[in-house]
Protein chains: 2
Amino acid sequence: MTHELDRTAAVTSLGAGAYAAHLDPGWVVGGGVNGGYVLAVATAALRAELAGVGHLDPVSTSGYYLSPSVPGPATVRTRVLRTGGRRSTVAATLSQEQDGVEVDRLTVLAVLGTVEAGGAPASDAALEAVRREPAPVDLPPVEECVSAADDPDGARLAPPLMQRLDLRLDPAYAGWAVGRPSRAGVVQGWLRLADHRPPDPWSLLVVADALPPVSFDLGLPGWAPTVELTVHVRQRPVDGWLRVRHATRTVAGGSFEEDCEIWDEAGHLVAQARQLALLPRAPRTPS
Amino acid sequence: MTHELDRTAAVTSLGAGAYAAHLDPGWVVGGGVNGGYVLAVATAALRAELAGVGHLDPVSTSGYYLSPSVPGPATVRTRVLRTGGRRSTVAATLSQEQDGVEVDRLTVLAVLGTVEAGGAPASDAALEAVRREPAPVDLPPVEECVSAADDPDGARLAPPLMQRLDLRLDPAYAGWAVGRPSRAGVVQGWLRLADHRPPDPWSLLVVADALPPVSFDLGLPGWAPTVELTVHVRQRPVDGWLRVRHATRTVAGGSFEEDCEIWDEAGHLVAQARQLALLPRAPRTPS
């Protein structure tokens with residue numbers, strides 16, 4: 001456990017399906033601890049619970065956020081709902097003590113199993129014939145993208161989360177950082193963990209919620225609380241940079257969806273995620 | 001409760017968050033009772049549980065399928081995880097007795113609240129300026145689309161589910177019914193409930209899983225079990241026909257995603273859904 005994510009998302013069994021965790025201040029962003037990191041902590045407990053049957057990869061994971069997490073101790077309670085030969089369906093709730101009362105932060109349903117390598121041959125010719133996946137998003141070279149480190153002021157002011165990531169944003173959709181949002185509803189770029197931990201199916205839960213929200217690119221800089229986030233890990237990533245694209249097509253009724261696609265350096269689509277988030281209130285000029 | 005869906009998805013309180021239901025044989029399809037209908041039954045119990053706070057619309061609903069449902073009695077157990085002024089987060093599990101043992105069929109996490117009418121004005125000008133939604137899918141006129149009733153043999157052989165729906169499929173992606181799948185991975189068409197029950201946010205849970213699976217259009221006619229289905233109801237539909245589009249872009253690693261978009265007759269996007277489903281085994285010629 002030499003890498004940062006593994007250290008800070010580790011859990012310790014308390015018996016009877018309960019696990020102790022410690023939410024690290026290094027993952028704070030905006031209104032609390034990053035939602036993808038908290039999802040990864042809850043899923044670490046599910047993986048520990050299923051280690052005996054070898055179902056370690058989060059195939060499908062849905063998190064419903066109940067209250068903002070804060071750095072400090074947390075407890076994850078797990079339940080195994082169904083175990084089959086190839087996958088298990090499980091539930092977890094992550095809570096924190098607040099003024100002596102246990103408060104739920106996140107509740108999760110998930111299917112864990114084994115995710116195959118990108119491009120692994122299908123089990124028969126008929127399935128092989130229909131194999132398809134979306135081509136990786138076209139990005140400028142890494143060195144032409146925008147990093148928090150490019151701007152000394154930005155780096156000093158950036159939330160702790162940005163120090164966990166080596167994120168290089170496509171400048172075409174990064175104008176919001178200097179007050180010129182594209183209004184396309186897109187944020188995309190290259191991503192790897194700052195300490196170059198190789199991506200795996202579990203770490204993609206963090207990647208799926210690591211970029212700034214697309215609401216920034218709509219010119220809405222406020223906090224956009226996540227109602228629900230579902231991540232499907234489709235293929236096992238190879239080591240290297242990930243390409244991540246977040247986009248919204250529907251901004252209506254007080255909410256927006258944020259669709260996330262993640263490709264690995266070999267060009268395979270490794271994960272898809274969607275979250276429903278509430279629109280931030282528009283900034284007001286002082287009256 | 002004069003309409004078929006309301007009658008067959010009704011629940012009766014047993015006290016302490018438990019509800020009795022009866023899964024109707026009219027909703028049988030493929031490997032069991034239709035997943036969207038079962039999700040609607042579980043959500044009917046959640047709506048009953050939240051009637052006191054007036055959170056009746058399923059804003060975000062994630063169902064994880066544990067075993068195939070069968071027609072007959074069922075029990076839904078609900079839990080309220082968090083209630084706020086505008087929405088509540090809730091959980092439900094639907095189970096059936098099988099050989100004297102309670103077997104879970106479906107477990108659900110959901111946020112219920114109030115879904116606004118399509119095109120309702122945003123709360124301020126900055127949000128109004130970024131409003132957007134995808135244009136409705138272009139479909140041939142209803143009378144040029146394909147109905148199960150067009151084919152007397154088909155109608156006789158069609159699963160009971162198809163009698164609950166007035167479904168008119170776009171012929172461009174209906175060739176699988178006569179052995180000529182387009183292999184585009186698309187199924188789309190016009191849909192209303194057979195008795196013309198007006199659509200509402202709750203009934204969209206059924207609509208989101210009512211069409212034949214896109215795997216049919218890939219030339220894979222077998223049963224494609226749903227691992228997970230999340231439905232986001234974005235705007236309240238007006239009465240009339242719905243346009244429904246199902247498409248997949250990723251068929252790899254033994255699974256495919258099925259993305260569903262639903263527009264109402266006024267042209268508003270009223271719901272988005274995604275399910276992860278397992279690829280059916282390819283048909284084998286007898287050896």
# chains A, B, ... in the order shown; residues from 1 in each chain; ligands from 1
$ interface_residues --of "chain A" --to "chain B" --cutoff "7 Å" --atoms "only C-alpha atoms" --output "list in words"
Leu66, Arg82, Glu116, Ala120, Ala122, Ala126, Leu127, Val130, Arg131, Arg132, Glu133, Pro134, Leu218, Arg234, Gln235, Arg249, Thr250, Val251, Ala252, Gly253, Gly254 and Ala282 of chain A
$ select_by_dssp --residues "region 13-252 of chain A" --states "strand (DSSP E or B)" --output "ChimeraX atom specification"
/A:13-15,18-23,28-29,32-33,57-65,72-83,88-98,101-113,117,132,146,165-169,186-193,226-233,236,242-247,251-252
$ atom_distance --atom1 "CA of Val186 (chain A)" --atom2 "CA of Arg168 (chain A)"
14.2 Å
$ closest_residue --among "B:Met162, B:Val137, B:Val70, B:Ala172" --to "Asp24 (chain B)" --atoms "only C-alpha atoms"
B:Val70
$ residues_around --residues "Ala9 (chain A)" --least-positions-apart "2" --cutoff "7 Å" --atoms "only C-alpha atoms" --output "list of chain:residue names"
A:Leu5, A:Asp6, A:Arg7, A:Val11, A:Ala40, A:Val41
$ residues_around --residues "region 192-205 of chain A" --least-positions-apart "4" --cutoff "8 Å" --atoms "only C-alpha atoms" --output "short mmCIF file (atom, residue, chain, number, x, y, z; two decimals) with C-alpha atoms, in the first residue's frame"
data_model
loop_
_atom_site.label_atom_id
_atom_site.label_comp_id
_atom_site.auth_asym_id
_atom_site.auth_seq_id
_atom_site.Cartn_x
_atom_site.Cartn_y
_atom_site.Cartn_z
CA HIS A 3 0.21 4.73 -3.08
CA GLU A 4 -1.74 7.66 -1.73
CA LEU A 5 -5.20 6.47 -2.77
CA GLY A 36 -15.75 9.87 -5.88
CA TYR A 37 -13.20 9.35 -3.09
CA LEU A 39 -17.51 6.20 -3.00
CA ALA A 40 -14.12 4.49 -3.29
CA THR A 43 -16.37 0.27 -2.07
CA ASP A 57 -13.96 -5.17 -9.20
CA PRO A 58 -16.84 -2.67 -9.00
CA VAL A 59 -18.75 -3.59 -12.18
CA VAL A 115 -13.78 -6.78 -15.17
CA GLN A 163 -2.93 17.94 -5.38
CA ARG A 164 -4.02 14.29 -5.53
CA LEU A 165 -4.38 14.44 -9.29
CA ASP A 166 -2.23 15.23 -12.28
CA LEU A 167 -5.02 16.80 -14.35
CA ASP A 209 -15.93 12.30 -10.13
CA VAL A 231 -20.31 4.21 -12.41
CA VAL A 233 -16.53 -0.12 -15.16
CA GLN A 235 -12.93 -2.84 -19.23
CA ARG A 236 -9.75 -3.04 -17.13
CA PRO A 237 -7.44 -0.09 -17.80
CA VAL A 238 -3.77 -0.40 -18.73
CA ASP A 239 -1.20 1.73 -16.93
CA GLY A 240 -0.81 5.30 -18.16
CA TRP A 241 -2.82 8.44 -18.73
CA LEU A 242 -6.60 8.34 -18.80
CA ALA A 271 -15.73 3.31 -17.62
#
$ residues_around --residues "Ala42 (chain A)" --least-positions-apart "5" --cutoff "8 Å" --atoms "only C-alpha atoms" --output "PyMOL selection string"
chain A and resi 76+92-94+108
$ closest_residue --among "A:Gly113, A:Val207, A:Gly175, A:Arg243" --to "Val142 (chain A)" --atoms "only C-alpha atoms"
A:Arg243
$ atom_distance --atom1 "CA of Ala18 (chain A)" --atom2 "CA of Glu102 (chain A)"
13.8 Å
